[in-house]
Every structure is written in structure tokens, then in C-alpha cells.
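Colleague: Contents of final-v8.txt (compact mmCIF, C-alpha atoms) are below:
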```txt
# COMPACT_ATOMS: atom_id res chain seq x y z
CA MET N 1 -9.55 16.69 2.67
CA ALA N 2 -9.67 19.13 -0.30
CA ASP N 3 -11.27 17.70 -3.45
CA PRO N 4 -9.94 14.14 -3.13
CA GLY N 5 -11.81 13.03 -6.26
CA ILE N 6 -13.94 9.93 -6.81
CA ALA N 7 -14.32 6.90 -4.54
CA VAL N 8 -15.85 3.57 -5.53
CA VAL N 9 -17.44 1.45 -2.79
CA ILE N 10 -17.68 -2.28 -3.62
CA GLU N 11 -19.82 -3.83 -0.90
CA ASP N 12 -22.79 -6.22 -1.01
CA ASP N 13 -24.21 -5.36 2.44
CA LEU N 14 -26.57 -2.42 1.95
CA ASP N 15 -26.12 -1.00 5.45
CA VAL N 16 -22.30 -1.13 5.24
CA ARG N 17 -22.40 0.26 1.70
CA ASN N 18 -24.50 3.20 2.83
CA LEU N 19 -22.23 3.84 5.83
CA LEU N 20 -19.11 3.80 3.66
CA SER N 21 -20.74 6.11 1.13
CA THR N 22 -21.69 8.54 3.89
CA VAL N 23 -18.20 8.54 5.45
CA LEU N 24 -16.53 9.09 2.08
CA THR N 25 -18.98 11.79 1.03
CA GLN N 26 -18.32 13.63 4.30
CA SER N 27 -14.59 13.35 3.48
CA GLY N 28 -15.17 15.18 0.20
CA PHE N 29 -15.32 12.29 -2.26
CA THR N 30 -17.83 11.86 -5.05
CA VAL N 31 -19.00 8.31 -4.37
CA GLN N 32 -20.01 5.55 -6.76
CA ALA N 33 -21.24 2.27 -5.24
CA ALA N 34 -21.42 -1.32 -6.51
CA ALA N 35 -23.04 -4.33 -4.86
CA ASP N 36 -20.90 -7.06 -6.45
CA GLY N 37 -17.41 -7.62 -7.78
CA ARG N 38 -18.00 -7.52 -11.52
CA SER N 39 -19.95 -4.27 -11.43
CA GLY N 40 -17.32 -2.89 -9.06
CA VAL N 41 -14.53 -3.56 -11.56
CA GLU N 42 -16.58 -1.86 -14.28
CA ALA N 43 -17.22 1.14 -11.99
CA VAL N 44 -13.46 1.51 -11.42
CA LYS N 45 -12.83 1.36 -15.18
CA GLU N 46 -15.54 3.94 -15.88
CA HIS N 47 -14.79 6.46 -13.14
CA ASN N 48 -10.99 6.13 -12.63
CA PRO N 49 -11.29 6.73 -8.87
CA THR N 50 -8.70 7.92 -6.40
CA LEU N 51 -9.87 5.39 -3.80
CA VAL N 52 -11.68 2.05 -3.75
CA THR N 53 -13.08 0.33 -0.68
CA LEU N 54 -13.42 -3.37 -1.37
CA ASP N 55 -15.15 -6.06 0.66
CA VAL N 56 -13.50 -9.48 0.72
CA GLY N 57 -16.77 -11.46 0.72
CA LEU N 58 -18.76 -10.58 -2.39
CA PRO N 59 -21.63 -12.63 -3.89
CA ASP N 60 -20.11 -13.28 -7.33
CA ILE N 61 -16.28 -13.14 -7.22
CA ASP N 62 -14.25 -12.62 -4.08
CA GLY N 63 -12.49 -9.39 -3.25
CA TYR N 64 -9.03 -10.79 -4.01
CA GLU N 65 -10.01 -11.55 -7.60
CA VAL N 66 -11.60 -8.11 -7.88
CA LEU N 67 -8.36 -6.55 -6.62
CA ARG N 68 -6.32 -8.59 -9.12
CA ARG N 69 -8.46 -7.28 -11.98
CA ILE N 70 -8.33 -3.69 -10.75
CA ARG N 71 -4.56 -3.81 -10.40
CA GLY N 72 -4.37 -4.78 -14.07
CA PHE N 73 -5.32 -1.26 -15.12
CA SER N 74 -5.38 1.08 -12.11
CA ASP N 75 -3.03 2.29 -9.37
CA CYS N 76 -5.86 3.70 -7.25
CA TYR N 77 -5.67 3.38 -3.49
CA VAL N 78 -7.47 0.23 -2.33
CA ILE N 79 -8.68 -0.40 1.21
CA MET N 80 -10.01 -3.90 1.78
CA LEU N 81 -12.65 -4.62 4.39
CA THR N 82 -12.04 -7.93 6.10
CA ALA N 83 -14.10 -10.04 8.49
CA HIS N 84 -13.55 -9.33 12.17
CA ASP N 85 -10.72 -11.39 13.73
CA GLU N 86 -9.93 -13.27 10.50
CA GLU N 87 -6.19 -12.52 10.29
CA ILE N 88 -5.74 -14.58 7.12
CA ASP N 89 -7.93 -12.03 5.29
CA THR N 90 -5.65 -9.21 6.38
CA LEU N 91 -2.47 -10.95 5.25
CA THR N 92 -3.95 -12.11 1.95
CA ALA N 93 -5.26 -8.60 1.23
CA LEU N 94 -1.80 -7.08 1.62
CA GLN N 95 -0.16 -9.84 -0.41
CA ALA N 96 -2.70 -9.24 -3.19
CA GLY N 97 -1.74 -5.56 -3.47
CA ALA N 98 -4.12 -3.68 -1.18
CA ASP N 99 -2.81 -0.44 0.30
CA ASP N 100 -4.57 -0.92 3.62
CA TYR N 101 -7.18 -3.04 5.37
CA VAL N 102 -9.94 -2.33 7.88
CA THR N 103 -11.64 -5.02 9.93
CA LYS N 104 -15.39 -5.08 10.45
CA PRO N 105 -17.02 -3.58 12.38
CA PHE N 106 -15.00 -0.43 11.72
CA ARG N 107 -15.09 3.01 13.29
CA PRO N 108 -15.85 5.82 10.80
CA ARG N 109 -13.31 8.09 12.52
CA GLU N 110 -10.56 5.50 12.11
CA LEU N 111 -11.44 4.95 8.45
CA ARG N 112 -11.30 8.70 7.73
CA ALA N 113 -7.94 8.99 9.51
CA ARG N 114 -6.45 6.10 7.56
CA ILE N 115 -7.68 7.52 4.26
CA ALA N 116 -6.24 10.94 5.09
CA ALA N 117 -2.85 9.41 5.95
CA MET N 118 -2.87 7.30 2.80
CA LEU N 119 -3.68 10.21 0.50
CA ARG N 120 -0.61 12.07 1.77
CA ARG N 121 1.56 9.36 0.21
CA PRO N 122 2.31 9.75 -3.52
CA ARG N 123 0.63 7.35 -5.90
CA SER N 124 2.88 4.98 -7.83
CA GLY N 125 2.61 1.72 -9.68
CA PRO N 126 0.93 0.66 -12.94
CA PRO N 127 -0.68 3.51 -14.88
CA SER N 128 -4.44 3.83 -14.82
CA GLU N 129 -6.28 2.84 -17.98
CA LYS N 130 -7.02 5.91 -20.04
CA PRO N 131 -9.63 6.39 -22.80
CA THR N 132 -8.29 6.20 -26.34
CA THR N 133 -7.74 9.65 -27.81
CA THR N 134 -6.85 10.98 -31.26
CA ALA N 135 -4.86 13.88 -29.88
CA ALA N 136 -1.26 14.14 -30.98
CA PRO N 137 1.22 12.60 -28.50
CA PRO N 138 3.05 15.09 -26.31
CA VAL N 139 6.61 15.99 -27.17
CA GLU N 140 8.93 13.97 -24.96
CA GLU N 141 11.27 15.93 -22.76
CA ALA N 142 14.39 14.64 -21.14
CA ALA N 143 13.86 13.86 -17.47
CA PRO N 144 15.85 16.10 -15.15
CA PRO N 145 18.81 14.36 -13.52
CA ALA N 146 18.24 13.01 -10.03
CA ARG N 147 19.55 15.17 -7.25
CA PRO N 148 22.36 13.38 -5.38
CA ASP N 149 20.67 13.88 -2.03
CA SER N 150 17.52 12.11 -3.31
CA LEU N 151 19.39 8.84 -3.88
CA LEU N 152 20.05 6.10 -1.34
CA ARG N 153 22.40 3.28 -2.38
CA HIS N 154 23.14 -0.02 -0.69
CA ASN N 155 24.75 -3.20 -2.06
CA GLY N 156 23.74 -2.55 -5.67
CA LEU N 157 20.29 -1.19 -4.83
CA VAL N 158 19.39 2.42 -5.67
CA LEU N 159 16.32 4.17 -4.25
CA ASP N 160 15.28 7.62 -5.49
CA LYS N 161 12.93 9.18 -2.97
CA ASP N 162 11.94 12.03 -5.31
CA THR N 163 10.73 9.81 -8.14
CA ARG N 164 9.82 6.93 -5.78
CA THR N 165 11.71 4.42 -7.89
CA VAL N 166 13.91 1.50 -6.88
CA SER N 167 16.37 -0.40 -9.05
CA VAL N 168 18.75 -3.28 -8.47
CA ARG N 169 21.77 -3.28 -10.76
CA GLY N 170 19.84 -1.20 -13.28
CA ASP N 171 16.62 -3.26 -13.22
CA GLU N 172 13.66 -1.27 -11.87
CA LEU N 173 11.40 -2.92 -9.32
CA VAL N 174 7.65 -2.42 -9.05
CA LEU N 175 6.85 -1.82 -5.37
CA THR N 176 3.65 -0.93 -3.58
CA ARG N 177 3.52 2.32 -1.62
CA SER N 178 3.98 0.49 1.67
CA GLU N 179 6.92 -1.56 0.37
CA PHE N 180 8.63 1.57 -0.94
CA ASP N 181 8.10 3.47 2.32
CA LEU N 182 9.45 0.59 4.42
CA LEU N 183 12.51 0.15 2.22
CA HIS N 184 13.16 3.90 2.29
CA GLU N 185 12.93 3.92 6.09
CA LEU N 186 15.38 1.04 6.46
CA LEU N 187 17.82 2.56 3.99
CA ARG N 188 17.82 5.96 5.63
CA SER N 189 18.25 4.30 9.05
CA ALA N 190 21.72 3.23 7.85
CA GLY N 191 21.85 -0.08 9.69
CA ALA N 192 20.00 0.93 12.86
CA VAL N 193 17.41 -1.61 14.01
CA ARG N 194 13.80 -0.55 13.39
CA THR N 195 11.17 -2.29 15.48
CA LYS N 196 7.97 -3.60 13.94
CA GLY N 197 6.15 -0.88 15.86
CA ASP N 198 8.38 1.76 14.24
CA LEU N 199 7.58 0.35 10.81
CA VAL N 200 3.84 0.18 11.51
CA ARG N 201 3.96 3.94 12.11
CA VAL N 202 5.86 4.43 8.84
CA VAL N 203 3.05 2.69 6.96
CA ARG N 204 0.20 4.20 8.92
CA GLY N 205 1.51 7.77 8.99
CA GLN N 206 0.29 10.32 11.49
CA TYR N 207 -2.71 8.21 12.50
CA TYR N 208 -0.40 6.00 14.61
CA ARG N 209 1.31 8.30 17.09
CA THR N 210 4.07 7.11 19.41
CA ASP N 211 1.51 6.35 22.13
CA THR N 212 -0.87 4.43 19.84
CA TYR N 213 -1.39 0.74 20.61
CA ILE N 214 0.23 -1.52 18.01
CA SER N 215 -1.71 -4.75 17.54
CA GLU N 216 -0.35 -8.18 16.65
CA ALA N 217 -2.20 -7.91 13.32
CA ASP N 218 -0.37 -4.64 12.57
CA GLU N 219 2.98 -6.30 13.22
CA ARG N 220 2.04 -9.33 11.12
CA ALA N 221 1.17 -6.95 8.29
CA ILE N 222 4.72 -5.58 8.45
CA GLU N 223 6.07 -9.12 8.21
CA VAL N 224 4.00 -9.62 5.05
CA HIS N 225 5.30 -6.38 3.50
CA ILE N 226 8.90 -7.32 4.31
CA GLY N 227 8.32 -10.80 2.88
CA ASN N 228 6.99 -9.26 -0.33
CA LEU N 229 9.99 -6.94 -0.49
CA ARG N 230 12.40 -9.85 -0.12
CA ARG N 231 10.65 -11.76 -2.88
CA LYS N 232 10.82 -8.79 -5.26
CA LEU N 233 14.46 -8.16 -4.38
CA GLY N 234 15.31 -11.82 -4.97
CA GLU N 235 16.75 -12.16 -1.49
CA ASP N 236 18.32 -15.44 -0.45
CA PRO N 237 17.04 -15.87 3.15
CA ARG N 238 20.16 -17.88 4.01
CA SER N 239 22.45 -15.06 2.85
CA PRO N 240 20.46 -11.80 2.64
CA ARG N 241 21.96 -8.88 0.77
CA TRP N 242 19.66 -6.10 2.04
CA LEU N 243 17.13 -6.97 4.76
CA MET N 244 18.09 -8.71 7.98
CA THR N 245 15.63 -9.91 10.62
CA VAL N 246 16.49 -9.08 14.22
CA ARG N 247 14.57 -11.80 16.03
CA GLY N 248 12.00 -10.57 18.51
CA VAL N 249 12.63 -6.94 17.58
CA GLY N 250 12.35 -5.97 13.92
CA TYR N 251 14.61 -5.40 10.92
CA ARG N 252 17.78 -3.65 9.81
CA LEU N 253 20.00 -3.40 6.74
CA VAL N 254 22.67 -5.98 6.05
CA PRO N 255 26.11 -4.32 6.30
CA ARG N 256 27.55 -2.92 3.08
CA ARG N 257 29.50 -5.26 0.88
CA ALA N 258 32.41 -4.56 -1.44
CA ASP N 259 30.99 -4.95 -4.96
```
Go ahead and express the file in the form of C-alpha cells.

Modeller:
Amino acid sequence: MADPGIAVVIEDDLDVRNLLSTVLTQSGFTVQAAADGRSGVEAVKEHNPTLVTLDVGLPDIDGYEVLRRIRGFSDCYVIMLTAHDEEIDTLTALQAGADDYVTKPFRPRELRARIAAMLRRPRSGPPSEKPTTTAAPPVEEAAPPARPDSLLRHNGLVLDKDTRTVSVRGDELVLTRSEFDLLHELLRSAGAVRTKGDLVRVVRGQYYRTDTYISEADERAIEVHIGNLRRKLGEDPRSPRWLMTVRGVGYRLVPRRAD
């Protein structure tokens, strides 16, 4: 991983904190560590990291509140560490805006692989907080027009894969990386059914090969992402316009409508 930048580890357990710091340092990061939530938020503000690892159970404020505060000013990648076998932590982490989750105890090799896959996906979302500067503002330039082959359209929705933007009838949506990637996959599949296993691999990238075991927690995570997408799209579950559930299998696009 060539010069990935800064990572902030927010973890109250000293042994786990040291292990995470070692794994991230070996992956090329410059690591800053915090033992509680409040100091972790301040570390993210100060260092503007590429990646944050965030424990759910912290001594002062829980990891979900820390994530909410971080998301107020930063679009850094966030991996939450959840208690072993506590599925509710996994689902809540994704709903709160985490990019990924890892259950404890974790394998360093798996963590490195997930980070590598995540960093290959473009960053998007709210801009990171920047220090105030007295420099003159840059001259604005007109954005180049979107290339026709970068656009996918369906029932009033437009996705631009080059700029990683999505709009519905002209109103732009704010999606997480995983939500964008899943929507892009379903749009480009043009109505073909995609299984939950297929979509897990879309989110996980090269780490999950075709022969990799897909757990129930992985599939539940996809259900959470799709649920978040439907909420942001304003889908009526009784009459969906974009995303249709194929029971026991996965998801596909609703057929095109005449607008």
C-alpha cells in the first residue's frame, strides 16, 4: 500500500490498540492512537486521516456517537470494531455510516486485506474540515460535461460513475461508498437478479473471491445497505420504483416505467 497517509486508532484496550497500530504501521500508515471517544474525535480533526478504526465500546461515549461526530466534518474511511457474535453492532455500525466492520477477535491479515480493498474505492461524501486560510479562493472552472457512457438512467434516477454522483429528478443524493457501489451494480445489471453473495463481493472487493465463504452477517449487512438506499431514494415498499427484492435470492431493478 503506497503512502496511504494517516490512520487514527480509537480503542480503549491497550493490547488491541497496540495490535491495530502495528498492523496499520506495517501497511504504510502513520498512526495516531486515542484511548477514548472524545480524544479520538479531536485526533481526527487535528490529523485529517485517511482511515479511522473505531471501537464500539469506549469508556466515555460509544462508538456510534463518535462516528456521528466524525461524519459531521470528515469523509475518512471508518472501520468499526464490534464485539464477537453481536450482530446488532454490525448492523448499527453500517446504519450509522461506517464503511466496514470487523468483529473481535480479528485476524491481522483479514484487516489488511479489507483496508486494501476499501482504499481502492474512491472517497466521496461530506468534505473534510479544513483549516481556515487567508489565501485567495481559486478561480472556478466549468466542470467538464459528463461522458454519455458514464451515465446510467432508470425511472428518473441518474447515476454518474465517473463523478460518483446520483440524482433523482435533479435532486442529488448523498450515498455512502457501499450504497453507491451496490446501486451501480444493480443499474448496470439491467434487471438481472443479483444474489446477496454477489453484492457482498461488490462491497468487499477482491478480498471476497468467488470461492470465499459468505456469512449470514455479510448478507445481513447487504440488507442494511439496501434498506438505507431505499430510505434515501424515498422508495414506497408497496410499489417500488427502483429496487425489488427477490425473496430468498437477492435483488434486481424494477422494470422501466414510462415517465

Colleague: In Å, how far is it from CA of Glu42 in chain N to CA of Asn228 in chain N?

Modeller: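 CA of Asn228 in chain N lies at a distance of 28.4 Å from CA of Glu42 in chain N.
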
Colleague: Please determine the residues with any atom at most 10 Å from (-13.6, -3.2, -12.4) (coordinates as given in the file, with all atoms listed in the file counting) and report them as a list in words.

Modeller: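 It turns out the residues near that spot are Val8, Ile10, Ala34, Gly37, Arg38, Ser39, Gly40, Val41, Glu42, Ala43, Val44, Lys45, Glu46, His47, Asn48, Val66, Leu67, Arg68, Arg69, Ile70, Arg71, Gly72, Phe73 and Ser74 of chain N.
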
Colleague: So the first atom is CA of Thr176 in chain N and the second is CA of Gly227 in chain N; what is the distance between them in Å, to one decimal place?

Modeller: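 Between CA of Thr176 in chain N and CA of Gly227 in chain N the gap is 12.7 Å.
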
Colleague: What gap, in Å, lies between CA of Arg164 in chain N and CA of Tyr77 in chain N?

Modeller: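 According to the coordinates, CA of Arg164 in chain N and CA of Tyr77 in chain N are separated by 16.1 Å.
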
Colleague: Using only C-alpha atoms, can you tell me which of N:Gly197, N:Gly57, N:Gly28, N:Gly248 comes closest to Ala221 in chain N?

Modeller: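 Using only C-alpha atoms, Ala221 in chain N sits closest to N:Gly197.
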
Colleague: Out of N:Thr53, N:Glu185, N:Leu152, N:Asp198, which residue has the shortest atom-to-atom distance to Arg112 in chain N when counting all atoms listed in the file?

Modeller: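 That would be N:Thr53, the residue with the smallest distance to Arg112 in chain N.
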
Colleague: With all atoms listed in the file as the basis for distance, which of N:Ala7, N:Asn18, N:Glu235, N:Leu91 is at the shortest distance from Val31 in chain N?

Modeller: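 Closest to Val31 in chain N, using all atoms listed in the file: N:Ala7.
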
Colleague: What lies within 8 Å of range 99-103 of chain N using only C-alpha atoms, ignoring chain neighbours under 5 positions off, as an MDAnalysis selection string?

Modeller: chainID N and resid 77:85 90 93:94 111 176:178

Colleague: Ranking N:Leu186, N:Leu24, N:Ile214, N:Leu19 by minimum distance to Leu51 in chain N and counting only C-alpha atoms, which one comes first?

Modeller: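 The answer is N:Leu24, which sits nearest to Leu51 in chain N.
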
Colleague: When you count only C-alpha atoms, which of these residues is closest to Gly5 in chain N: N:Val168, N:Leu187, N:Val52, N:Ala98?

Modeller: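 The closest residue to Gly5 in chain N is N:Val52.
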
Colleague: Taking only C-alpha atoms into account, name the residue in N:Thr245, N:Ser167, N:Thr195, N:Thr30 that is nearest to His154 in chain N.

Modeller: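 Among N:Thr245, N:Ser167, N:Thr195, N:Thr30, it is N:Ser167 that comes nearest to His154 in chain N.
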
Colleague: With C-alpha atoms as the atom set, please write range 181-197 of chain N from the structure just given, as a PDB file, in the first residue's frame.

Modeller:
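Below you can see selection07.pdb, which holds the result:
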```pdb
ATOM      1  CA  ASP N 181     -21.374   0.663  -5.412  1.00  0.00           C
ATOM      2  CA  LEU N 182     -24.448  -1.504  -4.826  1.00  0.00           C
ATOM      3  CA  LEU N 183     -26.722   0.842  -6.758  1.00  0.00           C
ATOM      4  CA  HIS N 184     -24.212   0.999  -9.614  1.00  0.00           C
ATOM      5  CA  GLU N 185     -24.033  -2.799  -9.734  1.00  0.00           C
ATOM      6  CA  LEU N 186     -27.817  -3.174  -9.868  1.00  0.00           C
ATOM      7  CA  LEU N 187     -28.176  -0.498 -12.528  1.00  0.00           C
ATOM      8  CA  ARG N 188     -25.518  -1.961 -14.778  1.00  0.00           C
ATOM      9  CA  SER N 189     -27.063  -5.428 -14.340  1.00  0.00           C
ATOM     10  CA  ALA N 190     -30.081  -4.089 -16.268  1.00  0.00           C
ATOM     11  CA  GLY N 191     -32.729  -6.091 -14.441  1.00  0.00           C
ATOM     12  CA  ALA N 192     -30.764  -9.301 -13.876  1.00  0.00           C
ATOM     13  CA  VAL N 193     -31.115 -10.728 -10.367  1.00  0.00           C
ATOM     14  CA  ARG N 194     -28.032 -10.261  -8.179  1.00  0.00           C
ATOM     15  CA  THR N 195     -27.728 -12.575  -5.204  1.00  0.00           C
ATOM     16  CA  LYS N 196     -26.744 -11.292  -1.787  1.00  0.00           C
ATOM     17  CA  GLY N 197     -23.471 -13.166  -2.219  1.00  0.00           C
TER      18      GLY N 197
END
```
